[in-house]
Amino acid sequence: MRKSTLFLSYIALMTALASASLLHARARGRSDLPRLQRNADLVRRLELTDLCLFTEAQYTRHPAVTVLHTPFQDHPLSFEHFPSGSLSGPPPRRASHE
Amino acid sequence: MSRLEKQRNILDYTLSSLLRRKGKNAALTLVFTLVVFMVASAVLFAQAVRREASLVLKDTPEIIVQRTVAGRQGLVPEAYVERIAAIRGVSAVRGRLWGYYFDDAFGGANYTLMVPDAFPYEPGTIVVGGEVARNSRTRVDNLLPFKAHDGTVRGYRIGEILPTESALVSADLILMTEPDFRSLFGIPAAEVTDIVLSVRNPQEIATIAHKIAALLPDTRPIVRDEILRTYDAVFAWRAGLLLAILAGSVAAFIIFAWDRATGLSAEERREIGILKAVGWETGDVLTMKFWEGAVVSLSSFLAGIALAYAHVFFASATLFEPVIKGWSVLYPDFRLTPSVNAPEMAALFFITVVPYTVATIVPSWRAATIDPDAVMRF
């Protein structure tokens, strides 16, 4: 078999896989809707504000409602020392009503 | 010979040429695939988290009012609830009780303790998130001990464990009654952690927030839109996790481009010289070099994307777990809903495949336009 046939077959296969992943994403998006809705109900019922992604420190657990300067209150010249505090960007600038 | 057949012949030759240097090209393809895999994994993960956050947190409280005392968040007097309720346009106001508990008895985990508005159990009974139960190795009806503010140890019966499917919002939660919460932390009866409220007309949320800030100057209102935008900011393209991964990848691409753009190896120059000597035209040489770049970059791109998709959505982004987990003791076992953003994937294609292919052609063009004899002697 010609090498170009093998290569083009590989590209065709990978492109088909990429298309299949788009279809998979759409199908999972539909099948996951009930789960997402149940989680949204839980958020409404318990009045939650954040995803439970970074549990290592109080101010990284609830980035949406945390006090912005918390990590630097421990002592003068203190650095951010929790890994997720360094990885996550700062929350959007608070509106002027603050 | 048809144009298609000519291209296939050139492609055949290009693949044979690449296979002659299979060690170098295999390493190049592997590194390229890894770079695309890392960037695509981060992009897919961030996109999926942002989408999950926007869907799940869409019903988060419309306004949260915190109180700041001497630069720190302080407890809010319950009297503030009535003052906020008197603002025109506010429909429901409630004082929330919640806080954190550092559990050094079970590996130093941080729990989030909350008092829900409606709690179906008696005092002494709690509801816990799946990770809390797993970390403390407890089941329903077991007692979970807590060290109270006065130094005494109190045990609470686990009445229910929240379902695993809600781990992304509830993994570290502990729900309890108001009397249990107040006695555990020693919080006076007339104070709450913060205040949540809803507004009759969503268009007026910002106006109400301004009114609250004016009425109670020591408070900080946080509106729902800011909460939703937090996850866009945390997982944005230009910040945090993505920036850390992109910085490494960009450096890798600069090395690739530098290696290519600074010229061809002596062997590659000789090859071009021989091809021109046996009758190949400059255009054919450039086509061959285009295919060479395209073979490496396109196969790496497609493989990297496929592996990234499998990594994020079938293997729960296992490689990112240590990064996100950091020093956390509790880490939710969550499954993200796939979300593929075509423009982001297209951008990834244009910053990986196109520059590499161009960087392959440019130095070859220089070698292909000079006399074959000179190229071979060089």
# chains A, B, ... in the order shown; residues from 1 in each chain; ligands from 1
call {"tool": "closest_atom_pairs", "arguments": {"of": "chain A", "to": "chain B", "cutoff": "8 Å", "atoms": "only C-alpha atoms", "output": "Markdown table"}}
result
| residue | atom | partner | partner_atom | distance |
| --- | --- | --- | --- | --- |
| A:Arg2 | CA | B:Asp12 | CA | 7.0 |
| A:Lys3 | CA | B:Asp12 | CA | 5.6 |
| A:Ser4 | CA | B:Asp12 | CA | 5.1 |
| A:Ile11 | CA | B:Ser299 | CA | 6.8 |
| A:Met14 | CA | B:Leu302 | CA | 6.0 |
| A:Thr15 | CA | B:Leu302 | CA | 7.1 |
| A:Leu17 | CA | B:Ala306 | CA | 7.0 |
| A:Ala18 | CA | B:Ala306 | CA | 6.4 |
| A:Ser21 | CA | B:Tyr309 | CA | 7.4 |
| A:Leu22 | CA | B:Val340 | CA | 6.8 |
| A:His24 | CA | B:Pro338 | CA | 7.9 |
| A:Ala25 | CA | B:Pro338 | CA | 4.8 |
| A:Arg26 | CA | B:Pro338 | CA | 7.7 |
| A:Arg28 | CA | B:Thr337 | CA | 6.4 |
| A:Gly29 | CA | B:Thr337 | CA | 6.0 |
| A:Asp32 | CA | B:Thr337 | CA | 6.6 |
| A:Arg35 | CA | B:Glu165 | CA | 7.2 |
| A:Leu36 | CA | B:Val56 | CA | 6.1 |
| A:Gln37 | CA | B:Val56 | CA | 7.1 |
| A:Arg38 | CA | B:Ser166 | CA | 8.0 |
| A:Asn39 | CA | B:Ser166 | CA | 5.7 |
| A:Ala40 | CA | B:Val56 | CA | 4.3 |
| A:Asp41 | CA | B:Asp59 | CA | 7.8 |
| A:Val43 | CA | B:Thr60 | CA | 6.2 |
| A:Arg44 | CA | B:Asp59 | CA | 5.3 |
| A:Arg45 | CA | B:Pro116 | CA | 7.7 |
| A:Leu46 | CA | B:Pro116 | CA | 5.5 |
| A:Glu47 | CA | B:Thr60 | CA | 5.8 |
| A:Leu48 | CA | B:Thr60 | CA | 6.0 |
| A:Thr49 | CA | B:Thr60 | CA | 5.6 |
| A:Asp50 | CA | B:Val169 | CA | 6.9 |
| A:Leu51 | CA | B:Val169 | CA | 4.8 |
| A:Cys52 | CA | B:Val169 | CA | 5.0 |
| A:Leu53 | CA | B:Leu168 | CA | 6.9 |
| A:Phe54 | CA | B:Lys325 | CA | 6.5 |
| A:Thr55 | CA | B:Ser328 | CA | 5.4 |
| A:Glu56 | CA | B:Ser328 | CA | 4.0 |
| A:Ala57 | CA | B:Asn110 | CA | 7.2 |
| A:Gln58 | CA | B:Tyr100 | CA | 7.0 |
| A:Pro63 | CA | B:Thr230 | CA | 7.2 |
| A:Ala64 | CA | B:Ile227 | CA | 5.0 |
| A:Val65 | CA | B:Ile222 | CA | 7.2 |
| A:Val67 | CA | B:Gln73 | CA | 6.9 |
| A:Phe82 | CA | B:Trp327 | CA | 7.2 |
| A:Pro83 | CA | B:Gly326 | CA | 5.3 |
| A:Ser84 | CA | B:Gly326 | CA | 6.1 |
| A:Ser86 | CA | B:Gly240 | CA | 7.0 |
| A:Leu87 | CA | B:Gly240 | CA | 4.4 |
| A:Ser88 | CA | B:Gly240 | CA | 4.5 |
| A:Gly89 | CA | B:Val234 | CA | 4.6 |
| A:Pro90 | CA | B:Val234 | CA | 6.5 |
| A:Pro91 | CA | B:Thr230 | CA | 4.9 |
| A:Pro92 | CA | B:Thr230 | CA | 5.9 |
| A:Arg94 | CA | B:Glu226 | CA | 7.2 |
| A:His97 | CA | B:His210 | CA | 4.8 |
| A:Glu98 | CA | B:Arg220 | CA | 5.5 |
call {"tool": "closest_atom_pairs", "arguments": {"of": "stretch 60-116 of chain B", "to": "stretch 138-144 of chain B", "cutoff": "12 Å", "atoms": "only C-alpha atoms", "output": "JSON lines"}}
result
{"residue": "B:Asp103", "atom": "CA", "partner": "B:Leu144", "partner_atom": "CA", "distance": 10.7}
{"residue": "B:Ala105", "atom": "CA", "partner": "B:Leu144", "partner_atom": "CA", "distance": 10.5}
{"residue": "B:Phe106", "atom": "CA", "partner": "B:Leu144", "partner_atom": "CA", "distance": 10.5}
call {"tool": "select_by_dssp", "arguments": {"residues": "stretch 163-362 of chain B", "states": "strand (DSSP E or B)", "output": "VMD selection string"}}
result
chain B and resid 173 to 175 191 to 192 194 to 199 219 to 223
call {"tool": "atom_distance", "arguments": {"atom1": "atom CA of B:Ala294", "atom2": "atom CA of A:Leu23"}}
result
26.1 Å
call {"tool": "closest_residue", "arguments": {"among": "B:Val358, B:Pro363, B:Gly130, B:Gly159", "to": "B:Ser265", "atoms": "only C-alpha atoms"}}
result
B:Pro363
call {"tool": "residues_around", "arguments": {"residues": "B:Ser249", "least_positions_apart": "6", "cutoff": "10 Å", "atoms": "only C-alpha atoms", "output": "ChimeraX atom specification"}}
result
/B:32,34-36,38-39,243,255,352
call {"tool": "select_by_dssp", "arguments": {"residues": "stretch 136-230 of chain B", "states": "alpha helix (DSSP H)", "output": "ChimeraX atom specification"}}
result
/B:136,167-170,178-185,205-215,224-230
call {"tool": "write_last_selection", "arguments": {"atoms": "C-alpha atoms", "output": "short mmCIF file (atom, residue, chain, number, x, y, z; two decimals), in the first residue's frame"}}
result
data_model
loop_
_atom_site.label_atom_id
_atom_site.label_comp_id
_atom_site.auth_asym_id
_atom_site.auth_seq_id
_atom_site.Cartn_x
_atom_site.Cartn_y
_atom_site.Cartn_z
CA SER B 136 -13.90 10.74 57.59
CA ALA B 167 -19.95 16.68 44.11
CA LEU B 168 -18.91 19.74 42.11
CA VAL B 169 -21.08 21.94 44.33
CA SER B 170 -21.45 19.89 47.51
CA GLU B 178 -29.34 26.71 63.32
CA PRO B 179 -29.07 25.82 67.06
CA ASP B 180 -26.29 23.30 66.31
CA PHE B 181 -24.39 25.85 64.20
CA ARG B 182 -24.67 28.63 66.76
CA SER B 183 -23.62 26.42 69.67
CA LEU B 184 -20.74 24.86 67.72
CA PHE B 185 -19.19 28.22 66.78
CA ILE B 205 -30.38 44.46 41.01
CA ALA B 206 -27.57 47.01 40.56
CA THR B 207 -29.78 49.85 41.84
CA ILE B 208 -30.76 47.88 44.94
CA ALA B 209 -27.08 47.02 45.55
CA HIS B 210 -26.23 50.74 45.40
CA LYS B 211 -29.07 51.53 47.82
CA ILE B 212 -27.83 48.88 50.28
CA ALA B 213 -24.27 50.23 50.12
CA ALA B 214 -25.60 53.75 50.78
CA LEU B 215 -27.96 52.68 53.56
CA ARG B 224 -25.24 37.42 40.98
CA ASP B 225 -23.61 38.66 37.79
CA GLU B 226 -20.31 39.11 39.65
CA ILE B 227 -20.55 35.57 41.01
CA LEU B 228 -21.14 34.15 37.52
CA ARG B 229 -18.30 36.23 36.05
CA THR B 230 -15.90 34.95 38.71
#
call {"tool": "decode", "arguments": {"residues": "stretch 331-348 of chain B", "atoms": "N, CA and C atoms", "output": "PDB file, in the first residue's frame"}}
result
ATOM      1  N   TYR B 331     -11.176  16.597  47.487  1.00  0.00           N
ATOM      2  CA  TYR B 331     -11.220  16.953  46.074  1.00  0.00           C
ATOM      3  C   TYR B 331     -12.417  16.236  45.468  1.00  0.00           C
ATOM      4  N   PRO B 332     -13.344  16.978  44.881  1.00  0.00           N
ATOM      5  CA  PRO B 332     -14.552  16.329  44.385  1.00  0.00           C
ATOM      6  C   PRO B 332     -14.271  15.393  43.207  1.00  0.00           C
ATOM      7  N   ASP B 333     -14.952  14.274  43.197  1.00  0.00           N
ATOM      8  CA  ASP B 333     -14.862  13.342  42.083  1.00  0.00           C
ATOM      9  C   ASP B 333     -15.970  13.741  41.106  1.00  0.00           C
ATOM     10  N   PHE B 334     -15.648  14.647  40.188  1.00  0.00           N
ATOM     11  CA  PHE B 334     -16.700  15.180  39.332  1.00  0.00           C
ATOM     12  C   PHE B 334     -16.490  14.794  37.870  1.00  0.00           C
ATOM     13  N   ARG B 335     -17.578  14.813  37.143  1.00  0.00           N
ATOM     14  CA  ARG B 335     -17.550  14.478  35.725  1.00  0.00           C
ATOM     15  C   ARG B 335     -18.096  15.686  34.977  1.00  0.00           C
ATOM     16  N   LEU B 336     -17.247  16.284  34.154  1.00  0.00           N
ATOM     17  CA  LEU B 336     -17.685  17.495  33.458  1.00  0.00           C
ATOM     18  C   LEU B 336     -18.481  17.146  32.202  1.00  0.00           C
ATOM     19  N   THR B 337     -19.454  17.978  31.897  1.00  0.00           N
ATOM     20  CA  THR B 337     -20.198  17.813  30.654  1.00  0.00           C
ATOM     21  C   THR B 337     -19.356  18.367  29.511  1.00  0.00           C
ATOM     22  N   PRO B 338     -19.101  17.545  28.461  1.00  0.00           N
ATOM     23  CA  PRO B 338     -18.245  18.038  27.370  1.00  0.00           C
ATOM     24  C   PRO B 338     -18.806  19.296  26.732  1.00  0.00           C
ATOM     25  N   SER B 339     -17.912  20.195  26.429  1.00  0.00           N
ATOM     26  CA  SER B 339     -18.303  21.423  25.758  1.00  0.00           C
ATOM     27  C   SER B 339     -17.156  21.791  24.828  1.00  0.00           C
ATOM     28  N   VAL B 340     -17.390  21.689  23.538  1.00  0.00           N
ATOM     29  CA  VAL B 340     -16.329  21.986  22.575  1.00  0.00           C
ATOM     30  C   VAL B 340     -16.670  23.294  21.882  1.00  0.00           C
ATOM     31  N   ASN B 341     -15.770  24.231  22.006  1.00  0.00           N
ATOM     32  CA  ASN B 341     -15.988  25.543  21.404  1.00  0.00           C
ATOM     33  C   ASN B 341     -15.186  25.597  20.091  1.00  0.00           C
ATOM     34  N   ALA B 342     -15.908  25.551  18.960  1.00  0.00           N
ATOM     35  CA  ALA B 342     -15.238  25.477  17.651  1.00  0.00           C
ATOM     36  C   ALA B 342     -14.258  26.642  17.430  1.00  0.00           C
ATOM     37  N   PRO B 343     -14.602  27.899  17.748  1.00  0.00           N
ATOM     38  CA  PRO B 343     -13.621  28.972  17.527  1.00  0.00           C
ATOM     39  C   PRO B 343     -12.329  28.777  18.322  1.00  0.00           C
ATOM     40  N   GLU B 344     -12.434  28.253  19.555  1.00  0.00           N
ATOM     41  CA  GLU B 344     -11.215  28.040  20.352  1.00  0.00           C
ATOM     42  C   GLU B 344     -10.343  26.954  19.719  1.00  0.00           C
ATOM     43  N   MET B 345     -11.001  25.896  19.201  1.00  0.00           N
ATOM     44  CA  MET B 345     -10.247  24.828  18.538  1.00  0.00           C
ATOM     45  C   MET B 345      -9.606  25.360  17.253  1.00  0.00           C
ATOM     46  N   ALA B 346     -10.338  26.211  16.539  1.00  0.00           N
ATOM     47  CA  ALA B 346      -9.794  26.793  15.305  1.00  0.00           C
ATOM     48  C   ALA B 346      -8.598  27.676  15.637  1.00  0.00           C
ATOM     49  N   ALA B 347      -8.700  28.437  16.745  1.00  0.00           N
ATOM     50  CA  ALA B 347      -7.583  29.293  17.160  1.00  0.00           C
ATOM     51  C   ALA B 347      -6.364  28.430  17.475  1.00  0.00           C
ATOM     52  N   LEU B 348      -6.611  27.307  18.138  1.00  0.00           N
ATOM     53  CA  LEU B 348      -5.515  26.392  18.477  1.00  0.00           C
ATOM     54  C   LEU B 348      -4.854  25.861  17.207  1.00  0.00           C
TER      55      LEU B 348
END
